[in-house]
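**Q** Quick one, target29.cif (mmCIF, C-alpha atoms):
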data_work
loop_
_atom_site.label_atom_id
_atom_site.label_comp_id
_atom_site.auth_asym_id
_atom_site.auth_seq_id
_atom_site.Cartn_x
_atom_site.Cartn_y
_atom_site.Cartn_z
CA MET A 1 0.00 0.00 0.00
CA SER A 2 1.26 3.46 -0.75
CA SER A 3 1.99 5.91 2.02
CA LEU A 4 -1.26 6.98 3.61
CA TYR A 5 -0.68 10.50 4.76
CA VAL A 6 1.45 13.46 3.89
CA GLN A 7 4.83 12.14 4.81
CA ALA A 8 6.50 13.62 7.87
CA SER A 9 9.99 14.74 7.13
CA GLU A 10 12.76 15.30 9.60
CA THR A 11 13.42 18.70 8.10
CA SER A 12 9.75 19.69 8.22
CA GLU A 13 9.79 20.61 4.58
CA ARG A 14 6.52 20.68 2.71
CA PRO A 15 5.82 17.45 0.87
CA SER A 16 5.98 17.76 -2.88
CA GLU A 17 2.76 17.92 -4.86
CA ALA A 18 3.66 14.57 -6.37
CA ASN A 19 3.80 12.95 -2.94
CA VAL A 20 0.46 14.34 -1.92
CA LEU A 21 -1.58 13.61 -5.03
CA ARG A 22 0.01 10.56 -6.63
CA PRO A 23 -2.69 7.97 -7.44
CA THR A 24 -2.06 4.26 -7.66
CA VAL A 25 -4.44 2.37 -9.89
CA GLN A 26 -4.57 -0.86 -7.88
CA ASP A 27 -6.11 0.91 -4.88
CA VAL A 28 -9.20 2.16 -6.72
CA VAL A 29 -12.34 0.63 -5.24
CA ARG A 30 -15.55 -0.24 -7.05
CA PRO A 31 -17.58 2.95 -6.78
CA THR A 32 -21.13 1.87 -6.09
CA ASP A 33 -20.20 -0.66 -3.39
CA LEU A 34 -17.94 1.87 -1.75
CA SER A 35 -20.56 4.64 -1.74
CA ALA A 36 -23.16 2.42 -0.10
CA ARG A 37 -20.74 1.35 2.62
CA ILE A 38 -19.61 4.92 3.28
CA PHE A 39 -23.22 6.11 3.67
CA ALA A 40 -23.87 3.29 6.13
CA LEU A 41 -20.72 3.93 8.18
CA ALA A 42 -21.22 7.71 8.35
CA ASP A 43 -24.93 7.25 9.12
CA TYR A 44 -26.07 9.21 6.07
CA GLN A 45 -28.44 8.58 3.18
CA ARG A 46 -27.44 9.34 -0.40
CA ALA A 47 -30.25 11.93 -0.53
CA ASP A 48 -28.67 13.83 2.37
CA PHE A 49 -25.95 14.98 -0.02
CA SER A 50 -28.35 16.10 -2.74
CA VAL A 51 -28.70 19.41 -0.87
CA CYS A 52 -25.06 20.34 -1.43
CA LEU A 53 -25.19 23.42 -3.63
CA GLY A 54 -21.53 23.43 -4.54
CA CYS A 55 -20.85 26.68 -2.69
CA LYS A 56 -17.40 25.35 -1.75
CA ILE A 57 -17.40 27.18 1.56
CA CYS A 58 -16.03 23.92 3.00
CA ALA A 59 -13.05 24.30 0.66
CA SER A 60 -12.52 27.93 1.66
CA VAL A 61 -12.24 27.14 5.38
CA CYS A 62 -10.53 23.72 5.21
CA THR A 63 -7.50 23.44 7.50
CA ILE A 64 -5.65 21.41 4.86
CA ASN A 65 -5.18 24.70 2.98
CA ASP A 66 -3.04 25.88 5.92
CA LEU A 67 -0.62 23.09 5.03
CA GLY A 68 -0.12 24.63 1.60
CA VAL A 69 -2.19 21.95 -0.13
CA ALA A 70 -5.40 22.94 -1.94
CA ALA A 71 -8.35 20.95 -0.63
CA ASN A 72 -11.94 20.70 -1.84
CA PRO A 73 -14.13 18.57 0.46
CA GLN A 74 -17.16 19.35 -1.71
CA ASP A 75 -15.64 17.35 -4.54
CA LEU A 76 -15.57 14.32 -2.23
CA LEU A 77 -19.27 14.73 -1.43
CA VAL A 78 -20.18 15.05 -5.10
CA ARG A 79 -18.20 11.92 -6.02
CA LEU A 80 -19.88 10.04 -3.22
CA PHE A 81 -23.32 11.26 -4.28
CA LEU A 82 -22.69 10.27 -7.90
CA GLY A 83 -21.26 6.90 -6.90
CA GLN A 84 -17.90 7.70 -8.45
CA SER A 85 -14.64 6.19 -7.28
CA VAL A 86 -12.70 7.82 -4.48
CA HIS A 87 -9.07 7.02 -4.04
CA GLU A 88 -7.12 6.73 -0.80
CA ASP A 89 -4.71 9.36 -2.12
CA ASP A 90 -7.49 11.93 -2.34
CA VAL A 91 -6.14 15.05 -0.62
CA VAL A 92 -9.08 15.35 1.79
CA VAL A 93 -9.26 11.63 2.60
CA ARG A 94 -5.55 11.55 3.39
CA ASN A 95 -5.21 14.81 5.24
CA CYS A 96 -8.51 15.71 6.94
CA MET A 97 -7.86 16.35 10.63
CA SER A 98 -11.45 16.36 11.90
CA CYS A 99 -11.36 20.03 12.89
CA TYR A 100 -15.01 20.47 11.79
CA ARG A 101 -14.41 23.91 10.28
CA CYS A 102 -16.18 22.65 7.14
CA THR A 103 -19.20 21.41 9.10
CA ASP A 104 -19.47 24.70 10.95
CA ALA A 105 -19.36 26.67 7.70
CA CYS A 106 -21.60 24.34 5.64
CA PRO A 107 -25.16 25.69 5.11
CA TRP A 108 -26.40 22.11 5.68
CA LYS A 109 -23.94 21.27 8.47
CA ILE A 110 -22.78 18.13 6.67
CA ARG A 111 -20.37 16.20 8.92
CA ILE A 112 -17.62 15.91 6.32
CA PRO A 113 -14.92 14.72 8.82
CA GLU A 114 -17.12 11.74 9.65
CA VAL A 115 -17.54 10.95 5.96
CA VAL A 116 -13.75 11.07 5.65
CA ARG A 117 -13.31 8.78 8.67
CA ALA A 118 -15.75 6.34 7.05
CA PHE A 119 -13.60 6.37 3.91
CA ARG A 120 -10.48 5.69 5.94
CA GLU A 121 -12.16 2.82 7.74
CA GLU A 122 -13.43 1.31 4.51
CA LEU A 123 -10.11 1.76 2.72
CA ALA A 124 -8.19 0.34 5.73
CA MET A 125 -6.11 3.48 6.08
CA ALA A 126 -5.58 3.39 9.85
CA SER A 127 -2.06 4.35 10.92
CA PRO A 128 -0.11 2.04 13.26
CA PHE A 129 -0.94 4.40 16.12
CA GLU A 130 -4.66 4.28 15.37
CA LYS A 131 -4.54 0.47 15.15
CA ALA A 132 -2.81 0.33 18.54
CA PHE A 133 -5.42 2.75 19.97
CA LYS A 134 -8.30 0.52 18.90
CA GLY A 135 -6.37 -2.59 19.92
CA SER A 136 -6.15 -1.26 23.46
CA ILE A 137 -9.89 -0.59 23.55
CA ASN A 138 -10.53 -4.14 22.32
CA ILE A 139 -8.37 -5.60 25.10
CA TRP A 140 -9.16 -3.38 28.09
CA GLY A 141 -12.07 -1.18 27.05
CA ARG A 142 -9.84 1.83 27.57
CA VAL A 143 -6.78 3.34 25.94
CA TYR A 144 -3.80 2.16 27.96
CA GLU A 145 -1.10 4.53 26.75
CA PRO A 146 1.98 2.36 27.56
CA TYR A 147 0.52 -0.41 25.36
CA VAL A 148 -0.29 2.00 22.53
CA ILE A 149 3.18 3.52 22.56
CA LEU A 150 4.92 0.13 22.71
CA ARG A 151 2.84 -1.28 19.85
CA ALA A 152 3.43 1.80 17.71
CA ILE A 153 7.16 2.05 18.51
CA PRO A 154 8.48 1.06 15.04
CA PHE A 155 6.26 3.72 13.45
CA LEU A 156 7.20 6.35 16.03
CA LEU A 157 10.92 5.64 15.60
CA MET A 158 10.73 5.76 11.81
CA GLN A 159 8.78 9.02 11.86
CA GLY A 160 11.31 10.78 14.09
CA TYR A 161 9.33 11.18 17.30
CA VAL A 162 12.39 10.44 19.47
CA LYS A 163 13.61 14.02 19.20
CA HIS A 164 10.50 15.23 21.03
CA LEU A 165 10.83 12.86 23.99
CA HIS A 166 12.49 15.46 26.24
CA LYS A 167 9.36 17.61 25.97
CA TRP A 168 7.14 14.71 27.00
CA VAL A 169 8.65 13.94 30.39
CA GLU A 170 5.63 15.45 32.13
CA TYR A 171 3.38 12.88 30.45
CA ALA A 172 5.34 9.92 31.74
CA GLY A 173 3.87 7.84 34.49
CA PHE A 174 2.92 4.29 35.11
CA HIS A 175 -0.28 2.68 36.16
CA LEU A 176 -1.58 -0.81 35.59
CA PRO A 177 -4.33 -1.20 32.99
CA HIS A 178 -7.91 -1.44 34.18
CA LYS A 179 -10.07 -3.96 32.32
CA VAL A 180 -13.57 -2.64 31.80
CA LYS A 181 -16.67 -4.83 31.68
CA ARG A 182 -18.17 -4.20 28.25
CA GLY A 183 -21.51 -4.70 26.57
CA GLY A 184 -23.63 -2.50 28.80
CA SER A 185 -25.57 -0.76 26.02
CA MET B 1 -23.23 20.28 44.22
CA ASP B 2 -22.62 16.67 43.17
CA TYR B 3 -21.63 15.84 39.60
CA GLY B 4 -20.92 12.61 37.79
CA TYR B 5 -17.40 12.54 36.39
CA TYR B 6 -16.12 11.02 33.17
CA PRO B 7 -12.33 11.54 33.10
CA GLY B 8 -11.68 9.60 29.87
CA CYS B 9 -8.51 7.73 29.00
CA SER B 10 -6.05 10.58 28.52
CA LEU B 11 -6.86 12.08 31.92
CA THR B 12 -5.73 8.83 33.54
CA GLY B 13 -2.42 8.99 31.65
CA SER B 14 -0.71 11.78 29.72
CA ALA B 15 -3.26 14.42 30.79
CA LYS B 16 -3.20 13.49 34.48
CA LYS B 17 -2.41 17.14 35.18
CA LEU B 18 -5.79 18.22 33.80
CA ASP B 19 -7.52 15.54 35.87
CA LYS B 20 -5.79 16.72 39.05
CA GLY B 21 -6.56 20.34 38.18
CA VAL B 22 -10.26 19.75 37.55
CA ARG B 23 -10.62 17.73 40.75
CA ALA B 24 -8.77 20.40 42.78
CA VAL B 25 -10.80 23.32 41.38
CA PHE B 26 -14.08 21.51 41.96
CA ARG B 27 -13.02 20.62 45.53
CA LYS B 28 -12.10 24.24 46.25
CA MET B 29 -15.46 25.38 44.86
CA GLY B 30 -17.26 22.95 47.16
CA HIS B 31 -18.41 20.54 44.43
CA THR B 32 -18.14 16.76 44.48
CA LEU B 33 -17.14 14.66 41.48
CA LYS B 34 -18.34 11.07 41.47
CA GLU B 35 -16.62 8.96 38.82
CA ILE B 36 -18.90 6.89 36.57
CA PRO B 37 -18.25 3.29 37.62
CA ASP B 38 -16.17 1.18 35.27
CA TRP B 39 -16.36 3.71 32.42
CA ASN B 40 -14.96 2.73 29.02
CA CYS B 41 -13.18 4.70 26.29
CA CYS B 42 -15.38 7.03 24.21
CA GLY B 43 -13.46 6.21 21.01
CA ALA B 44 -12.24 9.81 20.55
CA VAL B 45 -12.12 10.44 16.77
CA GLU B 46 -10.65 7.09 15.79
CA TYR B 47 -13.76 5.30 14.53
CA GLY B 48 -15.11 5.41 10.97
CA ASP B 49 -18.35 3.72 11.97
CA ARG B 50 -20.50 6.40 13.57
CA ARG B 51 -22.86 3.89 15.19
CA GLU B 52 -19.94 1.98 16.72
CA LEU B 53 -18.48 5.25 18.05
CA THR B 54 -21.76 6.41 19.55
CA GLY B 55 -22.27 2.94 21.03
CA LEU B 56 -19.15 3.35 23.17
CA SER B 57 -20.52 6.47 24.83
CA ARG B 58 -23.99 4.92 25.16
CA GLU B 59 -22.37 2.22 27.29
CA ASN B 60 -20.98 4.96 29.54
CA LEU B 61 -24.37 6.67 29.82
CA LYS B 62 -25.92 3.34 30.81
CA LYS B 63 -23.29 2.97 33.54
CA ALA B 64 -24.15 6.49 34.75
CA GLU B 65 -27.85 5.68 35.16
CA GLY B 66 -28.82 5.96 38.80
CA VAL B 67 -25.45 7.51 39.64
CA CYS B 68 -25.90 11.05 38.38
CA LYS B 69 -27.89 13.28 36.07
CA GLU B 70 -25.12 15.80 35.31
CA ILE B 71 -21.87 14.47 33.91
CA VAL B 72 -18.68 16.51 33.82
CA ALA B 73 -16.36 15.51 30.95
CA PRO B 74 -13.18 17.64 30.76
CA CYS B 75 -11.68 16.10 27.59
CA PRO B 76 -13.28 17.83 24.56
CA ALA B 77 -13.50 14.61 22.50
CA CYS B 78 -15.15 12.70 25.37
CA TYR B 79 -17.50 15.63 25.94
CA LYS B 80 -18.55 15.71 22.28
CA ASN B 81 -19.04 11.93 22.07
CA LEU B 82 -21.09 11.79 25.27
CA LYS B 83 -23.27 14.67 24.08
CA GLU B 84 -23.91 12.97 20.73
CA ALA B 85 -24.74 9.67 22.42
CA ASP B 86 -27.22 11.35 24.78
CA SER B 87 -29.71 11.93 21.96
CA ASP B 88 -32.78 11.83 24.22
CA LYS B 89 -31.17 14.31 26.66
CA ALA B 90 -31.48 11.99 29.65
CA PHE B 91 -28.35 13.62 31.11
CA THR B 92 -26.79 17.05 31.17
CA ILE B 93 -23.31 16.68 29.72
CA LEU B 94 -21.00 19.46 30.88
CA ASN B 95 -17.49 20.55 30.11
CA PRO B 96 -15.99 22.28 33.18
CA LEU B 97 -15.71 25.45 31.07
CA GLU B 98 -19.50 25.64 31.08
CA LEU B 99 -19.54 26.03 34.84
CA LEU B 100 -17.23 29.05 34.78
CA ASN B 101 -19.87 31.76 34.75
CA LYS B 102 -19.67 35.19 36.39
CA GLU B 103 -21.34 33.92 39.56
CA MET B 104 -18.72 31.22 39.93
CA LEU B 105 -15.86 33.65 39.26
CA THR B 106 -17.07 36.14 41.88
CA SER B 107 -17.20 33.33 44.41
CA VAL B 108 -13.51 32.45 43.88
CA ALA B 109 -11.44 33.41 46.91
CA ALA B 110 -8.67 34.99 44.82
CA LYS B 111 -5.32 35.31 46.55
CA ARG B 112 -3.45 36.52 43.45
CA ASP B 113 -4.27 38.33 40.22
CA LEU B 114 -2.90 38.03 36.71
CA LYS B 115 -1.91 41.69 36.22
CA GLY B 116 1.03 42.16 33.86
CA LYS B 117 0.76 38.64 32.49
CA VAL B 118 0.00 37.98 28.82
CA PHE B 119 -2.02 34.98 27.65
CA THR B 120 -3.43 33.39 24.51
CA PRO B 121 -6.57 31.38 25.22
CA TYR B 122 -6.80 28.51 22.74
CA TYR B 123 -9.86 26.27 22.50
CA GLY B 124 -8.90 23.88 19.70
CA CYS B 125 -11.51 22.28 17.49
CA VAL B 126 -14.28 20.26 19.15
CA LEU B 127 -14.98 22.64 22.03
CA LEU B 128 -16.14 25.14 19.40
CA ARG B 129 -17.38 22.85 16.62
CA PRO B 130 -19.77 21.43 15.44
CA GLN B 131 -22.34 23.87 16.78
CA GLU B 132 -24.73 21.27 18.26
CA THR B 133 -22.07 19.86 20.59
CA ALA B 134 -20.02 23.04 21.16
CA ILE B 135 -19.78 24.86 24.47
CA GLU B 136 -22.26 27.72 24.72
CA ASN B 137 -19.98 30.53 25.88
CA LYS B 138 -17.14 30.63 23.35
CA ASN B 139 -15.38 33.46 25.18
CA VAL B 140 -15.23 31.82 28.59
CA MET B 141 -11.44 31.58 28.79
CA GLU B 142 -11.04 35.23 27.72
CA GLU B 143 -13.54 36.21 30.43
CA VAL B 144 -11.68 34.25 33.12
CA ILE B 145 -8.29 35.70 32.14
CA THR B 146 -9.47 39.31 32.00
CA TYR B 147 -11.61 38.95 35.14
CA PHE B 148 -8.44 38.28 37.13
CA GLY B 149 -6.50 41.08 35.39
CA GLY B 150 -4.62 39.12 32.73
CA GLU B 151 -3.97 40.49 29.24
CA ILE B 152 -4.69 38.89 25.89
CA GLU B 153 -2.46 39.84 22.97
CA GLY B 154 -1.78 38.65 19.43
CA GLU B 155 -4.07 37.83 16.55
CA LYS B 156 -7.31 35.97 17.02
CA ILE B 157 -6.39 32.36 16.45
CA ARG B 158 -9.59 30.74 17.71
CA ASP B 159 -10.51 29.39 14.26
CA HIS B 160 -7.11 27.87 13.66
CA TYR B 161 -6.46 24.22 14.29
CA CYS B 162 -3.33 22.95 16.08
CA GLY B 163 -3.39 19.49 14.51
CA GLY B 164 -3.20 17.86 17.94
CA GLY B 165 -5.49 15.04 16.86
CA GLN B 166 -2.90 14.05 14.27
CA ILE B 167 0.20 14.28 16.43
CA PHE B 168 0.78 10.51 16.37
CA VAL B 169 -0.51 10.04 12.85
CA ASN B 170 0.92 12.83 10.75
CA LYS B 171 3.46 14.79 12.75
CA TRP B 172 4.32 17.06 9.84
CA SER B 173 0.80 18.54 9.79
CA THR B 174 0.69 19.04 13.56
CA GLU B 175 4.07 20.74 13.56
CA LYS B 176 3.17 23.12 10.76
CA LEU B 177 -0.26 24.04 12.19
CA SER B 178 0.99 24.47 15.77
CA ARG B 179 3.84 26.70 14.62
CA LEU B 180 1.36 28.86 12.65
CA ILE B 181 -0.66 29.37 15.83
CA ALA B 182 2.46 30.13 17.86
CA GLU B 183 3.62 32.74 15.33
CA LYS B 184 0.32 34.63 15.51
CA SER B 185 -0.09 34.62 19.27
CA ARG B 186 1.67 36.00 22.35
CA GLY B 187 2.37 34.95 25.91
CA THR B 188 1.34 31.80 27.72
CA PHE B 189 -1.07 29.46 25.95
CA VAL B 190 -4.13 28.62 28.03
CA VAL B 191 -5.84 25.44 26.82
CA PHE B 192 -8.39 22.89 27.95
CA CYS B 193 -7.68 20.01 25.58
CA PRO B 194 -4.97 17.40 26.26
CA LEU B 195 -4.11 17.14 22.56
CA CYS B 196 -3.82 20.91 22.10
CA GLN B 197 -1.60 20.99 25.19
CA MET B 198 0.69 18.32 23.77
CA ALA B 199 0.82 19.75 20.25
CA LEU B 200 1.52 23.32 21.31
CA LYS B 201 4.03 22.25 23.95
CA THR B 202 5.88 20.09 21.45
CA PHE B 203 6.00 22.51 18.54
CA SER B 204 5.66 26.10 19.85
CA THR B 205 9.32 26.41 20.80
CA GLY B 206 9.79 27.81 24.27
CA ARG B 207 6.21 28.95 24.87
CA LYS B 208 4.47 28.02 28.08
CA VAL B 209 1.29 25.94 27.68
CA ILE B 210 -1.00 25.57 30.68
CA TYR B 211 -4.48 24.30 31.37
CA LEU B 212 -7.10 26.83 32.49
CA THR B 213 -7.35 24.84 35.70
CA ASP B 214 -3.67 25.71 36.40
CA LEU B 215 -4.54 29.38 36.01
CA LEU B 216 -7.46 29.12 38.42
CA LEU B 217 -5.37 27.24 40.97
CA TYR B 218 -2.66 29.91 40.69
CA VAL B 219 -5.23 32.64 41.37
CA MET B 220 -6.54 30.59 44.29
CA GLY B 221 -3.07 30.65 45.81
CA GLU B 222 -1.50 27.34 44.77
CA ASN B 223 2.26 27.46 44.36
CA ASN B 224 4.50 26.13 41.56
CA ILE B 225 1.66 26.19 39.05
CA LEU B 226 2.60 28.76 36.37
#
In structure tokens, write the structure found in this file.
**A**
Amino acid sequence: MSSLYVQASETSERPSEANVLRPTVQDVVRPTDLSARIFALADYQRADFSVCLGCKICASVCTINDLGVAANPQDLLVRLFLGQSVHEDDVVVRNCMSCYRCTDACPWKIRIPEVVRAFREELAMASPFEKAFKGSINIWGRVYEPYVILRAIPFLLMQGYVKHLHKWVEYAGFHLPHKVKRGGS
Amino acid sequence: MDYGYYPGCSLTGSAKKLDKGVRAVFRKMGHTLKEIPDWNCCGAVEYGDRRELTGLSRENLKKAEGVCKEIVAPCPACYKNLKEADSDKAFTILNPLELLNKEMLTSVAAKRDLKGKVFTPYYGCVLLRPQETAIENKNVMEEVITYFGGEIEGEKIRDHYCGGGQIFVNKWSTEKLSRLIAEKSRGTFVVFCPLCQMALKTFSTGRKVIYLTDLLLYVMGENNIL
């Protein structure tokens, strides 16, 4: 699988356009199946997106623009509505940070970050850290940070997190995990 | 007054400082926090299946039945998820910021003020958005700071996003966004989100980042806080 997100670089340089937008044909998913699954995951109906007027206010406020990468969340909604293919290298799918600026600005308050998270789930785009996060919930019912960090160590080392460790001393501490009884709903 | 308390996972680990601060401020104000028994993780923003995510917080609300009617959730992600899960409004879900009204501030036995100190209040994303789960008073931190004589300088950065939610996913984005916020602001950052605290502390070189609870405890006379 190709790299899922804008690649972190040790020098903090902006990723090249090619890195951000490069599509790979083998990852394209059958459109109609994908659309139906995304609607179900995000708890939307296809008709809910018919109200989008194409005002692109979501694009004008999107935080991804602050990274120097042009983003248009509305394009994602239109493709989903029309049942067209959406690729994991789509700028919004890869880089959305769930800040909800788009939702706040949208005349219809469409929860675009949740649509993006549905795409990521369906396209199996979880990062090692996110997999460890969910893994901890599956085991204990809570996020046990020592487990998450240990499981994500190869990723954290490769992405250069070690240089920040001295700033994270205040977060260090140890407690045993608490296993929660689940299934109460 | 007695409140139910949902600390959430980060407040038992990396954001222990916020947990201690919330408990201390509530104790000093004469309120009691009763932890929801055997609470589970709310899922934060890590789930693509909205029903699965909401289900996690529904479990917590079920565990709170008979324990409390008002639940205090300091972590913004936990607060949002609990509010969304409580669709029939069986509970009142509160972020501690929502209890900081003028009446509460006037009742604080202040032993210090904040005169001559410069701050940047920073809310992050989910305390302010989306509207249906946002806190009502979106100027509460500014009001607390100025009430005790503190100054607020720099550009308005309330709509900017620090990228804290991506700090362990896409560090490059968090670094760039946090630095943008640092460049446009002045003084000590005052936050209420564990992820904002971590992102700004990691990437806003040399700037102090504190929780609002630290500020209140300082005003109340606690030492070694700021």
**Q** Which residue gives the smallest distance to Cys106 (chain A) among A:Ser60, A:Ser85, A:Ser127, A:Ser136, with all atoms listed in the file counted?
**A**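 Result for the nearest residue to Cys106 (chain A): A:Ser60.
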**Q** Near chain B, meaning an atom within 6 Å, which residues of chain A appear when counting only C-alpha atoms? Write them as a short mmCIF file (atom, residue, chain, number, x, y, z; two decimals) with C-alpha atoms, keeping the file's coordinate frame.
**A**
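Saved result, result-v4.cif, follows:
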data_model
loop_
_atom_site.label_atom_id
_atom_site.label_comp_id
_atom_site.auth_asym_id
_atom_site.auth_seq_id
_atom_site.Cartn_x
_atom_site.Cartn_y
_atom_site.Cartn_z
CA ALA A 8 6.50 13.62 7.87
CA LEU A 41 -20.72 3.93 8.18
CA ALA A 42 -21.22 7.71 8.35
CA CYS A 99 -11.36 20.03 12.89
CA TYR A 100 -15.01 20.47 11.79
CA ASP A 104 -19.47 24.70 10.95
CA ARG A 117 -13.31 8.78 8.67
CA ALA A 118 -15.75 6.34 7.05
CA GLU A 121 -12.16 2.82 7.74
CA GLY A 141 -12.07 -1.18 27.05
CA ARG A 142 -9.84 1.83 27.57
CA VAL A 143 -6.78 3.34 25.94
CA TYR A 171 3.38 12.88 30.45
CA VAL A 180 -13.57 -2.64 31.80
CA GLY A 184 -23.63 -2.50 28.80
CA SER A 185 -25.57 -0.76 26.02
#
**Q** Check what the PyMOL selection byres ((chain A and resi 132) around 9) selects in the file above and give those residues as a list in words.
**A**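 Here the PyMOL selection byres ((chain A and resi 132) around 9) matches Ser127, Pro128, Phe129, Glu130, Lys131, Phe133, Lys134, Gly135, Ser136, Ile137, Val143, Tyr147, Val148, Ile149, Leu150, Arg151 and Ala152 of chain A.
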**Q** Point out the residue among A:Cys58, A:Leu53, A:Val78, A:Ile153 with the least atom-to-atom distance to Arg111 (chain A), counting only C-alpha atoms.
**A**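 Under the stated criterion, the closest residue is A:Cys58.
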**Q** My list of candidates is B:Lys89, B:Arg112, B:Lys69, B:Lys34. Which is closest to Leu217 (chain B) when distances are computed with only C-alpha atoms?
**A** B:Arg112
**Q** Figure out the distance between CA of Phe192 (chain B) and CA of Asn137 (chain B), please, to one decimal in Å.
**A**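 Between these atoms lies a distance of 14.0 Å.
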**Q** Measuring between only C-alpha atoms, which one of B:Tyr3, B:Tyr218, B:Phe148, B:Phe26 shows the shortest distance to Ile93 (chain B)?
**A** B:Tyr3
**Q** Kindly extract all protein, DNA and RNA residues lying within 9 Å of the coordinates (0.2, 30.3, 29.0) given in the file, considering all atoms listed in the file, and supply them as a ChimeraX atom specification.
**A** /B:118-121,186-191,207-212,215,226
**Q** What does the distance between CA of Ala105 (chain A) and CA of Val61 (chain A) come to in Å, to one decimal place?
**A**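 Rounded to one decimal, the two atoms are 7.5 Å apart.
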**Q** Excluding same-chain residues fewer than 5 positions from Gln45 (chain A), what lies within 12 Å of it counting all atoms listed in the file, as a ChimeraX atom specification?
**A** /A:35-40,50-51,77,80-81,110,115
**Q** Calculate how many Å separate CA of Glu222 (chain B) from CA of Leu99 (chain B), rounding to one decimal.
**A**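 Value for the CA of Glu222 (chain B)-CA of Leu99 (chain B) distance: 20.6 Å.
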